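Q: Hey, dropping query.txt in here, compact mmCIF, C-alpha atoms:
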# COMPACT_ATOMS: atom_id res chain seq x y z
CA MET A 1 7.15 -17.13 -28.79
CA GLU A 2 4.15 -18.21 -30.81
CA ASN A 3 3.70 -14.90 -32.39
CA TYR A 4 6.51 -12.40 -32.34
CA GLU A 5 4.56 -9.92 -34.40
CA GLN A 6 1.65 -9.99 -32.00
CA ALA A 7 3.83 -9.33 -28.95
CA ARG A 8 5.56 -6.49 -30.75
CA GLU A 9 2.24 -4.94 -31.76
CA SER A 10 0.69 -5.07 -28.33
CA ILE A 11 3.78 -3.59 -26.64
CA ARG A 12 3.93 -0.81 -29.24
CA ASN A 13 0.27 -0.07 -28.82
CA PHE A 14 0.59 0.12 -25.09
CA ILE A 15 3.48 2.57 -25.29
CA ILE A 16 1.85 4.77 -27.88
CA GLY A 17 -1.52 4.62 -26.18
CA ASN A 18 -0.10 5.67 -22.86
CA MET A 19 2.32 8.41 -23.76
CA ASP A 20 0.84 11.75 -24.66
CA VAL A 21 3.94 12.73 -26.61
CA PHE A 22 3.28 10.30 -29.42
CA ASP A 23 1.27 12.25 -31.91
CA GLU A 24 0.81 11.40 -35.53
CA ASP A 25 4.11 12.88 -36.63
CA ILE A 26 6.33 10.93 -34.31
CA THR A 27 7.28 7.41 -35.17
CA LEU A 28 8.52 4.72 -32.85
CA ALA A 29 11.02 2.30 -34.31
CA ASP A 30 11.48 -1.04 -32.61
CA ASP A 31 15.03 -0.25 -31.65
CA ASP A 32 14.46 3.33 -30.59
CA ASN A 33 15.65 3.86 -27.05
CA ILE A 34 12.54 5.27 -25.45
CA PHE A 35 14.48 6.52 -22.44
CA GLU A 36 16.90 8.51 -24.52
CA LYS A 37 14.00 9.98 -26.38
CA GLY A 38 12.97 11.27 -22.99
CA PHE A 39 9.57 9.72 -23.16
CA VAL A 40 9.90 7.25 -20.40
CA THR A 41 10.45 7.36 -16.69
CA SER A 42 10.99 4.76 -14.01
CA ILE A 43 7.33 5.01 -13.21
CA PHE A 44 6.43 4.26 -16.78
CA ALA A 45 8.87 1.35 -16.80
CA MET A 46 6.98 -0.03 -13.81
CA ARG A 47 3.76 0.21 -15.71
CA LEU A 48 5.33 -1.47 -18.71
CA LEU A 49 6.40 -4.31 -16.45
CA ASP A 50 2.86 -4.63 -15.09
CA PHE A 51 1.47 -4.57 -18.56
CA ILE A 52 3.85 -7.18 -19.93
CA GLU A 53 3.27 -9.55 -17.03
CA ASP A 54 -0.50 -9.21 -17.35
CA GLU A 55 -0.64 -9.42 -21.10
CA PHE A 56 1.68 -12.38 -21.56
CA LYS A 57 0.92 -14.13 -18.27
CA ILE A 58 4.55 -14.22 -17.21
CA GLU A 59 6.59 -13.20 -14.22
CA VAL A 60 9.83 -11.47 -15.05
CA ALA A 61 12.73 -12.74 -12.92
CA ASP A 62 14.34 -10.35 -10.41
CA GLU A 63 17.59 -10.15 -12.37
CA ASP A 64 15.78 -9.15 -15.56
CA ILE A 65 14.11 -6.15 -13.99
CA ASN A 66 16.27 -3.28 -15.13
CA LEU A 67 15.88 -0.19 -17.26
CA VAL A 68 17.77 -1.63 -20.22
CA ASN A 69 15.20 -4.37 -20.68
CA PHE A 70 12.47 -1.75 -20.97
CA SER A 71 14.40 0.64 -23.13
CA SER A 72 12.96 -0.35 -26.50
CA VAL A 73 10.20 -2.40 -28.06
CA GLN A 74 12.83 -4.85 -29.26
CA GLN A 75 14.25 -5.31 -25.76
CA MET A 76 10.80 -5.91 -24.32
CA VAL A 77 9.93 -8.52 -26.91
CA LYS A 78 13.20 -10.27 -26.05
CA LEU A 79 12.32 -10.06 -22.38
CA VAL A 80 8.94 -11.65 -23.01
CA GLU A 81 10.53 -14.46 -24.99
CA LYS A 82 13.06 -15.09 -22.27
CA SER A 83 10.50 -15.02 -19.47
CA GLU A 84 8.28 -17.47 -21.27
CA GLY A 85 11.22 -19.80 -21.01
CA MET B 1 1.54 -11.37 17.38
CA LYS B 2 -0.35 -9.50 14.70
CA TYR B 3 -2.63 -6.64 15.61
CA VAL B 4 -6.25 -6.86 14.54
CA LYS B 5 -7.26 -4.49 11.78
CA CYS B 6 -10.96 -5.27 11.47
CA VAL B 7 -13.73 -6.77 13.60
CA VAL B 8 -16.45 -8.61 11.68
CA TRP B 9 -19.73 -8.67 13.57
CA ASP B 10 -22.67 -10.99 13.38
CA LEU B 11 -25.86 -9.06 14.19
CA ASP B 12 -28.69 -11.16 15.69
CA ASN B 13 -27.90 -11.95 19.31
CA THR B 14 -24.36 -10.69 18.84
CA LEU B 15 -24.51 -6.96 18.17
CA TRP B 16 -28.10 -6.73 19.26
CA ASP B 17 -30.49 -8.88 21.27
CA GLY B 18 -33.21 -10.52 19.22
CA THR B 19 -33.68 -11.75 15.68
CA LEU B 20 -34.50 -9.03 13.19
CA LEU B 21 -36.13 -11.30 10.62
CA GLU B 22 -38.53 -12.75 13.15
CA GLY B 23 -39.88 -9.29 13.77
CA ASP B 24 -38.33 -8.91 17.22
CA ALA B 25 -37.94 -5.40 18.53
CA VAL B 26 -34.17 -5.78 18.63
CA SER B 27 -32.11 -3.67 20.98
CA LEU B 28 -28.37 -3.07 21.00
CA LYS B 29 -26.46 -5.04 23.59
CA PRO B 30 -25.32 -2.89 26.49
CA GLY B 31 -22.14 -0.95 25.76
CA ILE B 32 -22.02 -1.76 22.04
CA LYS B 33 -21.88 1.86 20.92
CA GLU B 34 -18.95 2.59 23.19
CA ILE B 35 -17.14 -0.53 22.01
CA LEU B 36 -17.59 0.45 18.37
CA LYS B 37 -16.39 3.95 19.12
CA THR B 38 -13.35 2.69 21.04
CA LEU B 39 -12.35 0.30 18.26
CA ASP B 40 -12.84 3.02 15.68
CA GLU B 41 -10.61 5.43 17.58
CA ARG B 42 -7.92 2.80 17.80
CA GLY B 43 -7.94 2.58 14.03
CA ILE B 44 -9.62 -0.83 14.04
CA LEU B 45 -12.26 -1.10 11.35
CA ASN B 46 -15.65 -2.75 11.77
CA SER B 47 -17.67 -4.81 9.32
CA ILE B 48 -20.63 -7.18 9.29
CA ALA B 49 -21.29 -10.79 8.32
CA SER B 50 -24.97 -11.45 8.87
CA LYS B 51 -27.67 -13.70 7.44
CA ASN B 52 -30.38 -11.14 7.01
CA ASP B 53 -32.01 -8.77 4.59
CA LEU B 54 -29.69 -5.91 3.68
CA SER B 55 -32.20 -3.08 3.60
CA ASP B 56 -33.76 -4.11 6.93
CA VAL B 57 -30.30 -4.25 8.47
CA MET B 58 -29.19 -0.90 7.15
CA GLN B 59 -32.40 0.72 8.34
CA LYS B 60 -31.88 -0.71 11.80
CA LEU B 61 -28.25 0.38 11.95
CA GLU B 62 -29.25 3.90 10.89
CA GLU B 63 -31.88 3.93 13.60
CA PHE B 64 -29.22 3.01 16.17
CA GLU B 65 -26.93 5.67 14.65
CA ILE B 66 -24.08 3.24 14.17
CA ALA B 67 -24.30 2.51 10.42
CA HIS B 68 -21.33 4.76 9.64
CA TYR B 69 -18.97 2.51 11.58
CA PHE B 70 -19.37 -0.45 9.25
CA LEU B 71 -17.37 -0.83 6.07
CA VAL B 72 -18.40 -3.21 3.30
CA PRO B 73 -21.16 -4.98 5.31
CA GLN B 74 -21.88 -8.49 4.04
CA VAL B 75 -25.54 -9.23 4.55
CA GLY B 76 -27.10 -12.17 2.71
CA TRP B 77 -27.49 -15.91 2.78
CA GLY B 78 -24.08 -17.21 1.79
CA ALA B 79 -21.53 -18.86 4.07
CA LYS B 80 -19.92 -16.55 6.61
CA SER B 81 -16.49 -17.69 5.48
CA THR B 82 -17.32 -16.23 2.08
CA ALA B 83 -18.35 -12.97 3.72
CA ILE B 84 -15.05 -12.94 5.62
CA ALA B 85 -13.04 -13.48 2.46
CA ARG B 86 -14.88 -10.63 0.70
CA ILE B 87 -14.31 -8.24 3.56
CA ALA B 88 -10.57 -8.98 3.66
CA GLU B 89 -10.36 -8.54 -0.08
CA GLN B 90 -12.37 -5.35 -0.28
CA ILE B 91 -10.60 -3.64 2.59
CA ASN B 92 -7.32 -5.05 1.30
CA ILE B 93 -6.02 -6.61 4.51
CA ASN B 94 -4.87 -10.10 5.36
CA ARG B 95 -7.42 -12.49 6.84
CA ASP B 96 -5.10 -13.10 9.78
CA THR B 97 -5.81 -9.54 10.94
CA LEU B 98 -9.57 -10.17 11.23
CA VAL B 99 -11.71 -11.01 14.23
CA PHE B 100 -15.04 -12.73 13.69
CA ILE B 101 -17.60 -12.52 16.47
CA ASP B 102 -20.80 -14.58 16.43
CA ASP B 103 -23.17 -16.18 18.95
CA GLN B 104 -23.70 -19.34 16.87
CA PRO B 105 -21.18 -22.16 17.35
CA PHE B 106 -22.00 -23.40 13.86
CA GLU B 107 -21.00 -20.12 12.25
CA ARG B 108 -17.84 -19.80 14.32
CA ASP B 109 -16.80 -23.33 13.42
CA GLU B 110 -17.58 -22.83 9.76
CA VAL B 111 -15.33 -19.78 9.55
CA ALA B 112 -12.62 -21.43 11.66
CA SER B 113 -12.59 -24.52 9.47
CA VAL B 114 -12.20 -22.55 6.24
CA TYR B 115 -9.90 -19.81 7.58
CA PRO B 116 -8.06 -20.98 10.68
CA GLU B 117 -6.06 -17.74 10.59
CA VAL B 118 -9.14 -15.68 11.55
CA MET B 119 -9.46 -14.98 15.25
CA ILE B 120 -12.85 -16.22 16.51
CA VAL B 121 -14.74 -14.75 19.45
CA ASP B 122 -17.94 -16.01 21.05
CA ALA B 123 -20.54 -13.22 21.26
CA ILE B 124 -20.83 -13.90 24.99
CA ASP B 125 -17.39 -12.32 25.34
CA TYR B 126 -18.14 -9.18 23.33
CA LYS B 127 -17.27 -6.88 26.22
CA GLU B 128 -13.81 -8.45 26.37
CA LEU B 129 -12.97 -7.46 22.79
CA ILE B 130 -11.50 -4.09 23.69
CA ASN B 131 -9.34 -5.63 26.41
CA MET B 132 -7.77 -8.24 24.18
CA GLU B 133 -4.11 -7.77 23.49
CA ARG B 134 -4.41 -8.05 19.75
CA LEU B 135 -6.97 -5.25 19.80
CA ASN B 136 -4.81 -2.90 21.81
CA PRO B 137 -2.30 -1.45 19.40
CA LYS B 138 0.74 -0.08 21.18
CA VAL B 139 0.71 2.93 18.99
CA ILE B 140 -2.30 5.07 18.18
CA THR B 141 -1.74 8.02 15.90
CA GLU B 142 -3.70 10.69 14.12
CA ASP B 143 -3.57 8.45 11.09
CA SER B 144 -5.02 5.49 12.93
CA LYS B 145 -7.97 7.58 14.09
CA ARG B 146 -8.61 8.57 10.52
CA ARG B 147 -8.34 5.03 9.17
CA ARG B 148 -12.03 4.51 8.44
CA GLN B 149 -12.20 7.89 6.76
CA MET B 150 -9.09 7.09 4.75
CA TYR B 151 -10.61 3.82 3.67
CA LEU B 152 -13.69 5.66 2.40
CA GLU B 153 -11.53 8.16 0.53
CA GLN B 154 -9.63 5.27 -0.97
CA GLU B 155 -12.84 3.59 -2.08
CA LYS B 156 -13.83 6.76 -3.88
CA ARG B 157 -10.40 6.93 -5.54
CA VAL B 158 -10.62 3.38 -6.78
CA TYR B 159 -14.14 3.93 -8.06
CA ASP B 160 -13.18 7.10 -9.89
CA GLU B 161 -10.07 5.48 -11.32
CA THR B 162 -11.91 2.47 -12.73
CA HIS B 163 -14.57 4.72 -14.20
CA TYR B 164 -12.18 7.31 -15.57
CA GLU B 165 -12.29 7.77 -19.30
CA GLY B 166 -8.90 8.95 -20.42
CA THR B 167 -5.28 7.86 -20.16
CA SER B 168 -3.95 6.96 -16.77
CA ILE B 169 -1.57 9.92 -16.95
CA GLU B 170 -4.55 12.21 -17.35
CA PHE B 171 -6.16 10.52 -14.40
CA LEU B 172 -3.04 11.03 -12.29
CA GLU B 173 -2.95 14.66 -13.34
CA SER B 174 -6.53 15.10 -12.17
CA LEU B 175 -5.62 14.00 -8.64
CA ASN B 176 -3.60 17.08 -7.63
CA MET B 177 -1.11 14.95 -5.73
CA GLU B 178 1.30 16.55 -3.35
CA ILE B 179 4.16 14.80 -1.58
CA ARG B 180 5.75 16.48 1.38
CA ILE B 181 9.15 15.13 2.41
CA SER B 182 10.38 16.38 5.75
CA ARG B 183 12.76 15.47 8.52
CA ALA B 184 10.99 13.36 11.08
CA GLN B 185 10.00 15.16 14.27
CA GLU B 186 9.42 13.45 17.53
CA TYR B 187 5.67 13.52 17.01
CA ASP B 188 6.10 11.72 13.69
CA LEU B 189 7.83 8.81 15.33
CA LYS B 190 4.71 7.10 16.60
CA ARG B 191 3.38 6.99 13.12
CA ALA B 192 6.78 5.95 11.83
CA GLU B 193 6.84 3.10 14.30
CA GLU B 194 3.33 2.13 13.32
CA LEU B 195 4.42 2.13 9.69
CA THR B 196 7.35 -0.12 10.41
CA ILE B 197 5.10 -2.52 12.25
CA ARG B 198 2.18 -2.51 9.84
CA THR B 199 4.01 -2.41 6.56
CA ASN B 200 5.60 -5.71 5.78
CA GLN B 201 4.92 -5.67 2.13
CA LEU B 202 6.91 -2.62 1.26
CA ASN B 203 9.78 -2.73 3.67
CA SER B 204 13.15 -2.75 1.96
CA THR B 205 14.87 -4.69 4.72
CA GLY B 206 12.11 -6.19 6.83
CA ILE B 207 13.73 -4.59 9.87
CA GLN B 208 11.23 -3.15 12.31
CA TYR B 209 12.43 -0.08 14.15
CA GLY B 210 10.85 0.87 17.45
CA TYR B 211 10.04 4.32 18.79
CA ASP B 212 13.13 4.55 20.98
CA GLU B 213 15.52 3.46 18.29
CA LEU B 214 14.10 5.99 15.85
CA LYS B 215 14.18 8.70 18.48
CA GLU B 216 17.85 8.09 19.11
CA LEU B 217 18.62 8.24 15.42
CA LEU B 218 16.94 11.66 15.16
CA ASP B 219 19.81 13.13 17.12
CA VAL B 220 22.60 11.31 15.33
CA PRO B 221 24.11 13.71 12.81
CA SER B 222 25.20 10.92 10.49
CA TYR B 223 21.60 9.79 10.06
CA ASP B 224 18.74 11.35 8.13
CA VAL B 225 15.25 10.25 9.07
CA TRP B 226 12.71 11.37 6.49
CA VAL B 227 8.96 11.03 6.60
CA CYS B 228 6.73 11.56 3.68
CA GLU B 229 3.09 12.52 3.44
CA LEU B 230 0.85 12.18 0.43
CA THR B 231 -2.29 14.18 -0.18
CA ASP B 232 -4.58 14.40 -3.14
CA LYS B 233 -7.93 15.95 -3.92
CA TYR B 234 -9.73 13.30 -1.86
CA GLY B 235 -7.79 13.99 1.29
CA SER B 236 -4.60 12.95 2.99
CA TYR B 237 -3.21 9.44 2.93
CA GLY B 238 -1.39 10.48 6.06
CA LYS B 239 2.29 9.77 6.64
CA ILE B 240 2.91 6.99 4.21
CA GLY B 241 6.66 6.71 3.88
CA LEU B 242 9.76 6.57 6.01
CA VAL B 243 13.40 6.60 4.97
CA LEU B 244 16.49 6.06 7.07
CA VAL B 245 19.75 7.13 5.51
CA GLU B 246 23.15 6.70 7.07
CA HIS B 247 26.15 8.70 5.92
CA ILE B 248 29.54 6.99 6.18
CA ASP B 249 32.57 8.69 4.67
CA ASN B 250 31.44 9.66 1.21
CA ARG B 251 28.64 7.15 1.06
CA SER B 252 24.91 7.58 1.63
CA ILE B 253 23.34 4.28 2.54
CA ILE B 254 19.60 3.82 2.56
CA ARG B 255 19.14 1.58 5.57
CA LEU B 256 15.39 1.45 5.32
CA LEU B 257 12.75 2.49 2.85
CA LEU B 258 9.25 1.91 3.90
CA MET B 259 5.96 2.68 2.26
CA SER B 260 2.38 1.92 2.99
CA CYS B 261 1.06 -0.33 0.26
CA ARG B 262 -1.89 1.92 -0.51
CA THR B 263 0.40 4.28 -2.34
CA VAL B 264 2.51 1.99 -4.49
CA SER B 265 0.70 2.61 -7.71
CA ARG B 266 1.08 6.34 -7.24
CA GLY B 267 4.83 6.31 -7.74
CA VAL B 268 5.72 7.50 -4.25
CA GLY B 269 8.65 5.10 -3.95
CA THR B 270 10.17 6.34 -7.16
CA VAL B 271 9.77 9.95 -6.06
CA LEU B 272 11.50 9.22 -2.76
CA LEU B 273 14.37 7.51 -4.54
CA SER B 274 14.72 10.42 -6.96
CA PHE B 275 14.87 12.74 -3.99
CA LEU B 276 17.65 10.70 -2.38
CA MET B 277 19.52 10.44 -5.66
CA LYS B 278 19.44 14.20 -6.17
CA ARG B 279 20.75 14.77 -2.67
CA ALA B 280 23.54 12.24 -2.99
CA LYS B 281 24.56 13.70 -6.32
CA SER B 282 24.75 17.26 -5.03
CA ALA B 283 26.71 16.12 -1.96
CA GLN B 284 28.96 14.10 -4.30
CA GLU B 285 28.25 10.96 -2.37
CA VAL B 286 27.95 7.39 -3.54
CA LEU B 287 24.40 6.15 -3.05
CA GLN B 288 23.83 2.63 -1.79
CA ALA B 289 20.88 0.78 -0.30
CA ASP B 290 20.44 -2.23 1.93
CA PHE B 291 17.81 -4.61 0.72
CA ILE B 292 16.55 -7.94 1.94
CA ARG B 293 14.45 -9.78 -0.57
CA THR B 294 11.38 -11.36 0.97
CA ASP B 295 8.52 -13.09 -0.79
CA ARG B 296 6.43 -10.00 -0.26
CA ASN B 297 8.58 -7.07 -1.31
CA ARG B 298 8.91 -7.61 -5.03
CA GLN B 299 7.29 -4.23 -5.67
CA MET B 300 10.04 -2.58 -3.66
CA LEU B 301 12.74 -4.46 -5.55
CA ILE B 302 11.13 -3.29 -8.79
CA THR B 303 11.07 0.28 -7.53
CA TYR B 304 14.81 0.19 -6.81
CA GLN B 305 15.89 -1.60 -9.95
CA LEU B 306 13.81 0.53 -12.28
CA ALA B 307 15.29 3.60 -10.63
CA ASN B 308 18.61 2.25 -11.94
CA PHE B 309 19.90 0.78 -8.70
CA VAL B 310 22.01 -2.26 -9.52
CA GLN B 311 22.96 -5.16 -7.31
CA LYS B 312 26.54 -4.64 -6.23
CA LYS B 313 26.65 -7.49 -3.77
CA LYS B 314 24.28 -10.34 -3.15
CA GLU B 315 24.48 -12.94 -0.45
CA ASP B 316 21.46 -15.16 -0.28
CA LYS B 317 18.60 -12.71 0.20
CA ARG B 318 20.77 -9.79 1.25
CA ILE B 319 21.40 -7.31 -1.47
CA LEU B 320 23.51 -4.18 -1.54
CA PHE B 321 22.31 -1.84 -4.25
CA GLU B 322 24.36 0.94 -5.74
CA ASN B 323 23.30 3.73 -8.01
CA ASP B 324 25.89 5.42 -10.20
CA LEU B 325 23.60 8.48 -10.37
CA SER B 326 24.03 8.66 -14.13
CA ILE B 327 20.28 8.71 -14.70
CA ILE B 328 18.32 10.89 -12.34
CA GLN B 329 14.78 11.43 -13.27
CA GLU B 330 12.81 14.55 -12.75
CA TYR B 331 9.80 14.22 -10.52
CA PRO B 332 6.66 13.28 -12.40
CA PRO B 333 4.91 16.47 -13.53
CA TYR B 334 1.62 15.41 -11.95
CA ILE B 335 3.04 15.32 -8.42
CA LYS B 336 3.98 18.45 -6.55
CA ILE B 337 6.99 17.84 -4.29
CA ILE B 338 7.66 19.90 -1.20
CA VAL B 339 10.88 19.31 0.73
CA ASP B 340 11.40 20.57 4.25
CA ASP B 341 15.06 20.05 4.98
CA GLU B 342 15.30 21.82 8.29
CA ARG B 343 16.41 19.87 11.33
CA LYS B 344 14.25 21.00 14.20
CA LYS B 345 14.88 20.59 17.86
Would you encode the structure as structure tokens?
A:
Amino acid sequence: MENYEQARESIRNFIIGNMDVFDEDITLADDDNIFEKGFVTSIFAMRLLDFIEDEFKIEVADEDINLVNFSSVQQMVKLVEKSEG
Amino acid sequence: MKYVKCVVWDLDNTLWDGTLLEGDAVSLKPGIKEILKTLDERGILNSIASKNDLSDVMQKLEEFEIAHYFLVPQVGWGAKSTAIARIAEQININRDTLVFIDDQPFERDEVASVYPEVMIVDAIDYKELINMERLNPKVITEDSKRRRQMYLEQEKRVYDETHYEGTSIEFLESLNMEIRISRAQEYDLKRAEELTIRTNQLNSTGIQYGYDELKELLDVPSYDVWVCELTDKYGSYGKIGLVLVEHIDNRSIIRLLLMSCRTVSRGVGTVLLSFLMKRAKSAQEVLQADFIRTDRNRQMLITYQLANFVQKKKEDKRILFENDLSIIQEYPPYIKIIVDDERKK
């Protein structure tokens, strides 16, 4: 990954920008499990997948499409790195 | 054989006699209105690829009272193959489901050379169109008759969505979506069959069930056949989903999950899976699903795997999914779900 920080930022921004529940008082740590926090659904995970593939021009392999890989910012950055090969 | 979904008409000396631009008093060819009406009722769309002036053409079509039949008319001076490509793209169908009809050999050859998959018809044979096998769908349903209308509703949806200022959740909330899941009745089966034939993209197994097979399964107690209808503030999408579930011992196995591709982005697949997961959990069954990976059903694979189905067995392209039912999501708050569980006779 050329720029880890950039990938992390854009994934964070997408999550925060698209979930109503994130107001100013709530913080999102990179290793927070967004599913356990109850913020995220399968449908949102599908949108995250769309977003990541669009944004980083990658196609995530079948076997990497699972909830765990979309469960935190950290996991998603790892997924992007892996998919870039 | 693939059924035709849209007929693309040339105008001068094809749809009407005469050349509009040369100031001819053009007149519709005999029987054209009836042909357009027949195609429309069969759920076959109509469009236009014509080298002409758009406003002249539209005025003429209005005069003939047939303008409403034509979706995304392509009138201009570019190649007809380009017009064909645009039509397929805008209506969101494959080019191999198009017919192009033109009186000019040059135009027919041009389209054929660029897109050999498009069916080409000489305008001389226009009366034959409605007799051709590929234009006689075996199954005609309420939904097929509404297809043009549904396309127009869809166009409005897409327009509103791209122009919506707000988050996409807010947009979804504004749609007033309602999903009705009910046990298939005999009258649903035609549509169900049509769905299995038309929907390759979002078929979990690629298996196409016919009317008779489905009808038999309706009466088999170990099978559930569910159909699903989606409506929103623009109108009904019609019956857009079909699920076949077989119960063996303490297992529920999803033999087929089928969705029309218009509804993917609305989360219908996920809702259906949640529904099946809830049922399996309350019946204390193990939930499994047959899946055959094709190069066109990635979206379906995604739907399963992000609903926490994991691959239990995989042989080549055949997958058996299993869900441990540890994570069952509530339905999205912006979709109202109505379940009609009653088996009717």
Q: Contacts from chain A to chain B, 6 Å maximum, all atoms listed in the file: show me the residue list as a short mmCIF file (atom, residue, chain, number, x, y, z; two decimals) with C-alpha atoms, keeping the file's coordinate frame.
A:
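part-v7.cif, written as the output of this step:
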data_model
loop_
_atom_site.label_atom_id
_atom_site.label_comp_id
_atom_site.auth_asym_id
_atom_site.auth_seq_id
_atom_site.Cartn_x
_atom_site.Cartn_y
_atom_site.Cartn_z
CA SER A 42 10.99 4.76 -14.01
CA ASN A 66 16.27 -3.28 -15.13
CA LEU A 67 15.88 -0.19 -17.26
#
Q: Can you tell me, as a PyMOL selection string, what residues are no more than 8 Å from Val77 (chain A) when counting all atoms listed in the file, ignoring any on the same chain fewer than 4 positions away?
A: chain A and resi 4+7-8+11+73+81
Q: Okay, now the selection with C-alpha atoms, as a PDB file, in the frame of the given file?
A:
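What landed in selection37.pdb:
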ATOM      1  CA  TYR A   4       6.510 -12.400 -32.340  1.00  0.00           C
ATOM      2  CA  ALA A   7       3.830  -9.330 -28.950  1.00  0.00           C
ATOM      3  CA  ARG A   8       5.560  -6.490 -30.750  1.00  0.00           C
ATOM      4  CA  ILE A  11       3.780  -3.590 -26.640  1.00  0.00           C
ATOM      5  CA  VAL A  73      10.200  -2.400 -28.060  1.00  0.00           C
ATOM      6  CA  GLU A  81      10.530 -14.460 -24.990  1.00  0.00           C
TER       7      GLU A  81
END
Q: Quick check, in Å to one decimal: how far apart do CA of Ala192 (chain B) and CA of Thr263 (chain B) lie?
A: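 Between CA of Ala192 (chain B) and CA of Thr263 (chain B) the gap is 15.6 Å.
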Q: Determine, counting all atoms listed in the file, which protein, DNA and RNA residues have an atom within 7 Å of an atom of Ser81 (chain B); residues of the same chain fewer than 6 positions away are not included. Present the result as a list in words.
A: Glu110, Val111 and Val114 of chain B
Q: Please check which residues have atoms at most 10 Å from (-17.2, -14.1, 21.1) in the file's coordinates, counting all atoms listed in the file, and write them as a PyMOL selection string.
A: chain B and resi 9-10+14+99-105+108+119-129
Q: What is the CA of His247 (chain B) to CA of Asp224 (chain B) distance in Å?
A: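 Interatomic distance here is 8.2 Å.
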Q: How many Å lie between CA of Asn176 (chain B) and CA of Glu142 (chain B), rounded to one decimal?
A: 22.7 Å
Q: In terms of the shortest atom-to-atom distance over all atoms listed in the file, which of B:Val7, B:Ile130, B:Met150, B:Met300 is closest to Ile65 (chain A)?
A: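 When distances to Ile65 (chain A) are compared using all atoms listed in the file, the smallest one comes from B:Met300.
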Q: Residues at most 9 Å from Ile91 (chain B), counting all atoms listed in the file, excluding those fewer than 2 positions away in the same chain, as a list in words?
A: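 Returned residues: Leu71, Val72, Arg86, Ile87, Ala88, Glu89, Ile93, Tyr151 and Glu155 of chain B.
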Q: For Asn69 (chain A), please output as a ChimeraX atom specification all residues within 12 Å (counting only C-alpha atoms; exclusion window: fewer than 3 positions along the same chain).
A: /A:31,33-35,45-46,48-49,52,60-66,72-83 /B:305-306,308
Q: Do a neighbour search on Arg148 (chain B) at 12 Å with all atoms listed in the file, toss out local chain neighbours closer than 3 positions, and write the hits as a list of chain:residue names.
A: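 Within the cut-off, the hits are B:Lys5, B:Cys6, B:Lys37, B:Leu39, B:Asp40, B:Glu41, B:Arg42, B:Gly43, B:Ile44, B:Leu45, B:Asn46, B:Ser47, B:His68, B:Tyr69, B:Phe70, B:Leu71, B:Val72, B:Ile91, B:Glu142, B:Asp143, B:Ser144, B:Lys145, B:Tyr151, B:Leu152, B:Glu153, B:Gln154, B:Glu155, B:Tyr237.
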